[in-house]
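Participant: This is the structure, below, for whatever I ask next.
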Amino acid sequence: MLKPVYTILNNKKVVPFVFLLPFMTVFLIFKVYPVITAVIMSFQNFQGIQSQEWVGLTNYQNVFDLVRFNQALTNTTAYTLGTLLVLIPLPLILAVLLDSGRVVQSTVFRTLLFLPALTSLVVTGTIFRLMLAENGFINLFLEATLGVRPLRWLEIADLALPSLIVVATWRWTGINILYFNSGLVNIPRELYEAATIDGANVFQLFWSITLPLLRPTTLFVVVLSIIGGYQVFVEPFIVYNGGGGPGDSALSMALLIYRTAFTSFNFGTAAAMGVILAAIIFVFSLIQFRFFGVFRQED
Amino acid sequence: MILMEAEMNKRTSLFLLVAILIATFGASVTQAQDATDLSLWVFVDRHGLFMQHQAERWNEANPDRPINLTYEQIDYTQMHDNLLSALLVGIGAPDLADVEIKKFATFTKGDLHFIPLESAIDPYRGDIIESRLAPYTAGGHNYGIDYHLGSFVMYYNTAILEAAGVDVNTLTTWDAYVEAGKKVTQDTDGDGSADVYMTSVETTDIFSAYALMLMMGGGTYNADGEIILESPENVAALQFLQDLVHTHGIARAASSGYHHSPEHFTDLIEGRTASLWMPQWYMTRFPDDMGSALADSAVVRPMPVFEEGGYTTTMGGGTGTVITDQIDPAKVDLAKEFLAFAKLTYEANVSLWTDLGFDPMRTDVYEDPALLIAMDDFMGEVPFTYIAAGLGNVAPEYTGPFYPEIATIFQTTALYDLIENQAPPADVLAAAVEELRAMGAEVGG
């Protein structure tokens with residue numbers, strides 16, 4: 001009796017859809033539907049517990065009138081740039097060192113470097129709060145090594161973004177090393193051997209072979225870092241006790257969206273901010289893909 | 001024979017067991033059938049336990065109308081977000097819910113989904129400090145009942161004061177407080193900056209500032225629901241706060257900006273801060289967060305006053321229990337009566353102290369022996385005599401739709417600019433008002 005069903009299921013045209021069904025269901029319900037709803041909401045006055053009405057582009061206009069939005073955009077951009085400046089070169093160098101065969105027990109190092117990414121963010125936030133406190137580890141370390149007077153990391157606006165970048169560095173260095181490592185493994189050894197015979201030194205090898213051949217990996221890491229940077233939420237939320245830090249100097253876009261939606265209960269404006277944030281990330285990603293020649297036809 | 005006896009015993013035991021089981025389950029089934037189920041969401045487990053204890057008291061007092069209260073504890077942010085969402089979609093909300101004071105106004109935007117409680121509160125109105133209802137009032141209706149009064153008191157470290165030759169009992173006015181502060185604030189290691197301060201002020205939370213604003217007669221909203229941020233009283237209060245830090249030099253910004261940070265608790269324990277003003281419920285932080293480290297030196301005293309006949313204290317923080325409109329209409333009256341019984345009766349107010357350690361909002365219980373107990377955490381003194389002494393003229397706190405946004409502005413930029421950047425108070429308040437207007441708030445003046 002079930003035979004017809006089996007026949008249909010075994011049909012080559014049907015089978016892919018059957019296998020895709022569970023994923024597509026989850027994807028449509030939990031990803032596509034909320035995205036569409038958010039876009040619709042961004043054109044509505046959706047304030048408080050009341051019925052919503054269409055307001056056209058008013059929410060978008062409001063967004064740019066808000067002082068906090070510009071502040072959040074500046075903060076988030078600065079944070080993203082800061083993480084890029086640290087989280088691309090540092091892991092790259094460490095990955096090359098680990099791959100060079102000069103490090104003993106490199107597997108142990110790799111595992112240890114990966115651990116921060118697995119640590120609960122709440123734990124991370126709490127530990128960094130203690131470390132960044134006025135009489136915490138970081139100040140003691142700076143005082144002992146560089147003789148710097150204790151800094152008020154968590155209380156001064158100018159130190160808020162550096163504090164967050166310190167947290168991000170601790171958290172993401174290991175993961176980025178893994179990415180670079182997988183890229184390095186794919187570079188043929190013969191290239192290095194040939195270049196060495198031609199008399200190239202270590203820096204020339206790095207500059208002329210490693211860097212160009214790592215380009216796809218670097219692009220991947222840069223794109224991920226930018227997306228991650230613009231979406232940063234949990235780090236400031238936890239390090240600054242749910243707020244945007246001293247003088248809102250660590251207020252990120254995501255934090256502002258959350259605040260607008262759940263403190264001000266203004267879902268329309270919050271959704272408009274979300275759409276703008278998505279557009280920014282989209283544009284950045286496009287520029288990078290172009291810059292790195294992803295869309296270029298292979299020769 | 002012995003065997004038979006043993007067999008008999010076994011049977012008797014079995015019979016007894018069955019009888020007990022029937023009695024227990026039978027009874028509970030009957031009770032469950034009669035008892036009205038009420039659900040409650042809380043974000044502090046102790047609140048849920050307290051309400052369950054009150055439900056037991058209710059059932060003893062009203063055996064004909066028993067209730068079966070079940071509570072669910074959800075994390076602070078999550079609980080409020082869930083409640084908002086549930087009320088928004090019209091399904092999934094509990095019968096009763098705790099709403100924190102800063103979150104309450106969020107629920108008043110648009111249609112209100114809470115049940116007015118006046119009919120239940122009215123019988124007790126004369127017995128309570130009525131201004132405690134103000135934060136949970138909208139459109140002339142009372143929607144929530146708090147767990148405590150939350151009156152501001154001053155916490156002193158007597159060891160530091162005595163070392164500087166200051167008698168804690170003389171600090172009844174702010175002038176005396178500032179003068180004493182100059183003696184207490186000291187640079188002990190000679191590096192040019194003070195190591196011990198008379199007090200600390202919050203730059204990322206509202207308590208230090210709001211207390212002074214309200215005690216001077218200002219605040220965020222007035223009784224008519226108007227935003228009064230730029231009032232002269234508020235300007236004066238913030239000027240005083242700034243002066244404590246920069247002109248008098250007796251205060252520092254609290255470590256990490258607020259009085260609940262672990263770093264600030266360390267400052268208190270290690271004797272770097274001699275006093276601070278916080279609501280009465282901050283008393284529980286001395287054993288809970290500071291491990292009773294200050295048991296030999298900490299005392300509670302009434303707030304200093306600005307002028308004779310002025311406000312003696314005000315209220316800070318709070319959580320109101322509300323009834324949502326998703327409750328079965330048949331249960332509304334019972335729920336209202338229970339809520340008033342649980343929070344406003346004399347016995348309930350005694351339990352607010354004995355169970356939760358909170359200052360009750362009924363004035364008549366301040367004479368009760370249950371409250372007048374010596375506490376080891378405060379040098380064996382009886383803190384309630386001092387708390388009660390400060391309740392002469394409690395400044396009310398009114399809230400309105402933009403109360404959460406105002407709190408956010410104070411917590412993020414306003415107080416930081418005032419204290420760290422030494423911005424003039426009038427400018428700080430003007431900037432706050434401008435931001436509120438951009439958010440759609442109507443601010444006169």
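In the structure tokens, chains take the letters A, B, ... in the order shown, each chain's residues start at 1, and ligands count up from 1 in the order shown.
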Considering only C-alpha atoms, give me a table of residues in range 25-63 of chain A that are at most 6 Å from range 256-279 of chain A, with the closest atom pair and distance in Å for each, as a Markdown table.

Facilitator:
| residue | atom | partner | partner_atom | distance |
| --- | --- | --- | --- | --- |
| A:Ala38 | CA | A:Ala271 | CA | 5.4 |
| A:Met41 | CA | A:Gly268 | CA | 5.3 |
| A:Ser42 | CA | A:Ala272 | CA | 4.4 |
| A:Gln44 | CA | A:Gly268 | CA | 5.6 |
| A:Asn45 | CA | A:Gly268 | CA | 5.5 |
| A:Phe46 | CA | A:Gly268 | CA | 4.9 |
| A:Gln47 | CA | A:Asn266 | CA | 4.6 |
| A:Gly48 | CA | A:Phe265 | CA | 5.6 |
| A:Asn59 | CA | A:Thr269 | CA | 5.0 |
| A:Tyr60 | CA | A:Ala272 | CA | 5.8 |

Participant: Give me a file of those residues, with N, CA and C atoms, as an mmCIF file, in the first residue's frame.

Facilitator:
data_model
loop_
_atom_site.group_PDB
_atom_site.id
_atom_site.type_symbol
_atom_site.label_atom_id
_atom_site.label_comp_id
_atom_site.auth_asym_id
_atom_site.auth_seq_id
_atom_site.Cartn_x
_atom_site.Cartn_y
_atom_site.Cartn_z
ATOM 1 N N ALA A 38 10.646 42.055 10.096
ATOM 2 C CA ALA A 38 11.404 43.215 10.567
ATOM 3 C C ALA A 38 11.386 44.329 9.538
ATOM 4 N N MET A 41 8.020 45.859 9.638
ATOM 5 C CA MET A 41 7.882 46.619 10.884
ATOM 6 C C MET A 41 8.582 47.967 10.810
ATOM 7 N N SER A 42 9.680 48.020 10.009
ATOM 8 C CA SER A 42 10.455 49.258 9.949
ATOM 9 C C SER A 42 9.685 50.359 9.238
ATOM 10 N N GLN A 44 6.425 50.745 9.918
ATOM 11 C CA GLN A 44 5.200 50.902 10.711
ATOM 12 C C GLN A 44 5.481 51.631 12.008
ATOM 13 N N ASN A 45 4.460 52.289 12.528
ATOM 14 C CA ASN A 45 4.552 52.828 13.879
ATOM 15 C C ASN A 45 4.123 51.705 14.810
ATOM 16 N N PHE A 46 5.092 51.103 15.447
ATOM 17 C CA PHE A 46 4.837 49.903 16.246
ATOM 18 C C PHE A 46 5.301 50.213 17.643
ATOM 19 N N GLN A 47 4.544 51.085 18.328
ATOM 20 C CA GLN A 47 4.984 51.523 19.650
ATOM 21 C C GLN A 47 4.042 51.017 20.706
ATOM 22 N N GLY A 48 4.599 50.366 21.727
ATOM 23 C CA GLY A 48 3.768 49.924 22.823
ATOM 24 C C GLY A 48 2.832 48.817 22.403
ATOM 25 N N ASN A 59 10.235 56.204 10.346
ATOM 26 C CA ASN A 59 11.160 55.555 11.278
ATOM 27 C C ASN A 59 12.606 55.785 10.870
ATOM 28 N N TYR A 60 12.846 55.721 9.546
ATOM 29 C CA TYR A 60 14.219 55.907 9.069
ATOM 30 C C TYR A 60 14.693 57.336 9.318
#

Participant: If we count only C-alpha atoms and set the cut-off at 10 Å, which residues sit around range 134-140 of chain A, ignoring sequence neighbours fewer than 3 positions away in its own chain? Please answer as number ranges by chain.

Facilitator: A: 128-131, 143-155; B: 255-256, 263, 266

Participant: Could you write those residues out with N, CA and C atoms, as a PDB file, in the first residue's frame?

Facilitator:
ATOM      1  N   PHE A 128      36.741  39.416  32.954  1.00  0.00           N
ATOM      2  CA  PHE A 128      37.374  40.626  32.433  1.00  0.00           C
ATOM      3  C   PHE A 128      37.039  41.852  33.266  1.00  0.00           C
ATOM      4  N   ARG A 129      35.834  41.879  33.816  1.00  0.00           N
ATOM      5  CA  ARG A 129      35.503  42.989  34.712  1.00  0.00           C
ATOM      6  C   ARG A 129      36.473  43.032  35.873  1.00  0.00           C
ATOM      7  N   LEU A 130      36.740  41.850  36.431  1.00  0.00           N
ATOM      8  CA  LEU A 130      37.664  41.792  37.566  1.00  0.00           C
ATOM      9  C   LEU A 130      39.078  42.172  37.126  1.00  0.00           C
ATOM     10  N   MET A 131      39.461  41.696  35.926  1.00  0.00           N
ATOM     11  CA  MET A 131      40.817  41.973  35.454  1.00  0.00           C
ATOM     12  C   MET A 131      41.005  43.446  35.101  1.00  0.00           C
ATOM     13  N   GLU A 143      51.520  48.187  35.567  1.00  0.00           N
ATOM     14  CA  GLU A 143      52.318  48.939  36.532  1.00  0.00           C
ATOM     15  C   GLU A 143      53.675  48.255  36.745  1.00  0.00           C
ATOM     16  N   ALA A 144      53.628  46.905  36.824  1.00  0.00           N
ATOM     17  CA  ALA A 144      54.850  46.158  37.083  1.00  0.00           C
ATOM     18  C   ALA A 144      55.800  46.193  35.883  1.00  0.00           C
ATOM     19  N   THR A 145      55.243  46.132  34.674  1.00  0.00           N
ATOM     20  CA  THR A 145      56.106  46.052  33.498  1.00  0.00           C
ATOM     21  C   THR A 145      56.461  47.422  32.930  1.00  0.00           C
ATOM     22  N   LEU A 146      55.454  48.295  32.803  1.00  0.00           N
ATOM     23  CA  LEU A 146      55.703  49.578  32.143  1.00  0.00           C
ATOM     24  C   LEU A 146      55.680  50.755  33.103  1.00  0.00           C
ATOM     25  N   GLY A 147      55.333  50.464  34.363  1.00  0.00           N
ATOM     26  CA  GLY A 147      55.278  51.545  35.347  1.00  0.00           C
ATOM     27  C   GLY A 147      54.116  52.503  35.135  1.00  0.00           C
ATOM     28  N   VAL A 148      53.071  52.024  34.421  1.00  0.00           N
ATOM     29  CA  VAL A 148      51.906  52.883  34.171  1.00  0.00           C
ATOM     30  C   VAL A 148      51.052  52.976  35.433  1.00  0.00           C
ATOM     31  N   ARG A 149      50.583  54.178  35.740  1.00  0.00           N
ATOM     32  CA  ARG A 149      49.673  54.333  36.897  1.00  0.00           C
ATOM     33  C   ARG A 149      48.344  53.632  36.597  1.00  0.00           C
ATOM     34  N   PRO A 150      47.668  53.124  37.631  1.00  0.00           N
ATOM     35  CA  PRO A 150      46.414  52.384  37.390  1.00  0.00           C
ATOM     36  C   PRO A 150      45.427  53.170  36.528  1.00  0.00           C
ATOM     37  N   LEU A 151      44.887  52.533  35.497  1.00  0.00           N
ATOM     38  CA  LEU A 151      43.919  53.174  34.610  1.00  0.00           C
ATOM     39  C   LEU A 151      42.515  52.765  35.015  1.00  0.00           C
ATOM     40  N   ARG A 152      41.552  53.672  34.840  1.00  0.00           N
ATOM     41  CA  ARG A 152      40.158  53.343  35.186  1.00  0.00           C
ATOM     42  C   ARG A 152      39.471  52.800  33.932  1.00  0.00           C
ATOM     43  N   TRP A 153      39.874  51.595  33.554  1.00  0.00           N
ATOM     44  CA  TRP A 153      39.389  50.984  32.317  1.00  0.00           C
ATOM     45  C   TRP A 153      37.865  51.002  32.181  1.00  0.00           C
ATOM     46  N   LEU A 154      37.185  50.660  33.251  1.00  0.00           N
ATOM     47  CA  LEU A 154      35.733  50.471  33.158  1.00  0.00           C
ATOM     48  C   LEU A 154      34.956  51.758  33.437  1.00  0.00           C
ATOM     49  N   GLU A 155      35.666  52.824  33.789  1.00  0.00           N
ATOM     50  CA  GLU A 155      34.950  54.033  34.203  1.00  0.00           C
ATOM     51  C   GLU A 155      35.171  55.228  33.285  1.00  0.00           C
TER      52      GLU A 155
ATOM     53  N   SER B 255      33.387  52.930  42.047  1.00  0.00           N
ATOM     54  CA  SER B 255      34.164  52.032  41.190  1.00  0.00           C
ATOM     55  C   SER B 255      33.232  51.332  40.213  1.00  0.00           C
ATOM     56  N   SER B 256      33.598  51.331  38.951  1.00  0.00           N
ATOM     57  CA  SER B 256      32.783  50.796  37.857  1.00  0.00           C
ATOM     58  C   SER B 256      31.473  51.553  37.699  1.00  0.00           C
ATOM     59  N   GLU B 263      33.559  45.702  42.403  1.00  0.00           N
ATOM     60  CA  GLU B 263      34.692  46.563  42.728  1.00  0.00           C
ATOM     61  C   GLU B 263      34.307  47.570  43.812  1.00  0.00           C
ATOM     62  N   THR B 266      34.256  45.947  47.144  1.00  0.00           N
ATOM     63  CA  THR B 266      35.626  45.834  47.648  1.00  0.00           C
ATOM     64  C   THR B 266      36.072  47.151  48.291  1.00  0.00           C
TER      65      THR B 266
END

Participant: My list of candidates is A:Val55, A:Ala250, A:Ile8, A:Val185. Which is closest to Gly101 in chain A when distances are computed with only C-alpha atoms?

Facilitator: A:Val185

Participant: Residues of chain B within 10 Å of chain A: nearest atom pair and distance (Å, one decimal) for each, counting only C-alpha atoms, sorted by chain and number, as a Markdown table?

Facilitator:
| residue | atom | partner | partner_atom | distance |
| --- | --- | --- | --- | --- |
| B:Thr77 | CA | A:Phe262 | CA | 9.1 |
| B:His80 | CA | A:Phe262 | CA | 8.6 |
| B:Asp81 | CA | A:Phe262 | CA | 6.7 |
| B:Leu84 | CA | A:Ile49 | CA | 8.0 |
| B:Ser85 | CA | A:Ile49 | CA | 9.0 |
| B:Leu87 | CA | A:Ile49 | CA | 7.3 |
| B:Leu88 | CA | A:Ile49 | CA | 5.4 |
| B:Val89 | CA | A:Ile49 | CA | 8.8 |
| B:Gly90 | CA | A:Ile49 | CA | 9.8 |
| B:Lys102 | CA | A:Thr263 | CA | 8.9 |
| B:Lys103 | CA | A:Thr263 | CA | 7.3 |
| B:Ala105 | CA | A:Ser264 | CA | 9.2 |
| B:Thr106 | CA | A:Phe265 | CA | 6.3 |
| B:Phe107 | CA | A:Gly48 | CA | 7.0 |
| B:Thr108 | CA | A:Gly48 | CA | 7.5 |
| B:Lys109 | CA | A:Gly48 | CA | 4.6 |
| B:Gly110 | CA | A:Gly48 | CA | 4.9 |
| B:Asp111 | CA | A:Ile49 | CA | 5.6 |
| B:Leu112 | CA | A:Ile49 | CA | 7.3 |
| B:His113 | CA | A:Ile49 | CA | 8.1 |
| B:Thr203 | CA | A:Pro246 | CA | 7.7 |
| B:Thr204 | CA | A:Pro246 | CA | 6.7 |
| B:Asp205 | CA | A:Gly243 | CA | 9.8 |
| B:Ala253 | CA | A:Glu155 | CA | 8.5 |
| B:Ala254 | CA | A:Glu155 | CA | 8.9 |
| B:Ser255 | CA | A:Glu155 | CA | 7.3 |
| B:Ser256 | CA | A:Glu155 | CA | 5.3 |
| B:Gly257 | CA | A:Glu155 | CA | 6.2 |
| B:Tyr258 | CA | A:Asn241 | CA | 9.7 |
| B:His260 | CA | A:Asn241 | CA | 10.0 |
| B:Ser261 | CA | A:Asn241 | CA | 8.8 |
| B:Pro262 | CA | A:Leu130 | CA | 8.1 |
| B:Glu263 | CA | A:Ala133 | CA | 6.8 |
| B:His264 | CA | A:Ala133 | CA | 9.9 |
| B:Thr266 | CA | A:Asn135 | CA | 10.0 |
| B:Pro401 | CA | A:Ser264 | CA | 9.0 |
| B:Phe402 | CA | A:Ser264 | CA | 7.7 |
| B:Tyr403 | CA | A:Ser264 | CA | 9.5 |
| B:Pro404 | CA | A:Thr263 | CA | 6.4 |
| B:Glu405 | CA | A:Ser264 | CA | 6.4 |
| B:Thr408 | CA | A:Gly243 | CA | 8.4 |
| B:Ile409 | CA | A:Asp248 | CA | 9.0 |
| B:Phe410 | CA | A:Gly247 | CA | 9.3 |
| B:Gln411 | CA | A:Gly243 | CA | 7.8 |
| B:Thr412 | CA | A:Gly247 | CA | 4.9 |
| B:Thr413 | CA | A:Gly247 | CA | 4.1 |
| B:Ala414 | CA | A:Gly247 | CA | 7.5 |
| B:Leu415 | CA | A:Gly247 | CA | 8.0 |
| B:Tyr416 | CA | A:Gly247 | CA | 5.3 |
| B:Asp417 | CA | A:Gly247 | CA | 6.9 |
| B:Glu420 | CA | A:Ile156 | CA | 8.0 |
| B:Asn421 | CA | A:Gly247 | CA | 9.8 |
| B:Glu434 | CA | A:Val67 | CA | 9.7 |
| B:Glu435 | CA | A:Val67 | CA | 7.3 |
| B:Leu436 | CA | A:Leu66 | CA | 9.6 |
| B:Arg437 | CA | A:Leu66 | CA | 9.9 |
| B:Ala438 | CA | A:Leu66 | CA | 6.4 |
| B:Met439 | CA | A:Leu66 | CA | 7.5 |
| B:Gly440 | CA | A:Asn62 | CA | 9.5 |

Participant: Have a look at B:Thr354, B:Met303, B:Ala423, B:Asp34 and name the one nearest to Leu391 in chain B; count only C-alpha atoms.

Facilitator: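 Closest candidate: B:Met303.
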
Participant: Just to confirm, what's the straight-line distance from CA of Phe286 in chain B to CA of Tyr156 in chain B in Å (one decimal)?

Facilitator: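 Rounded to one decimal, the two atoms are 11.9 Å apart.
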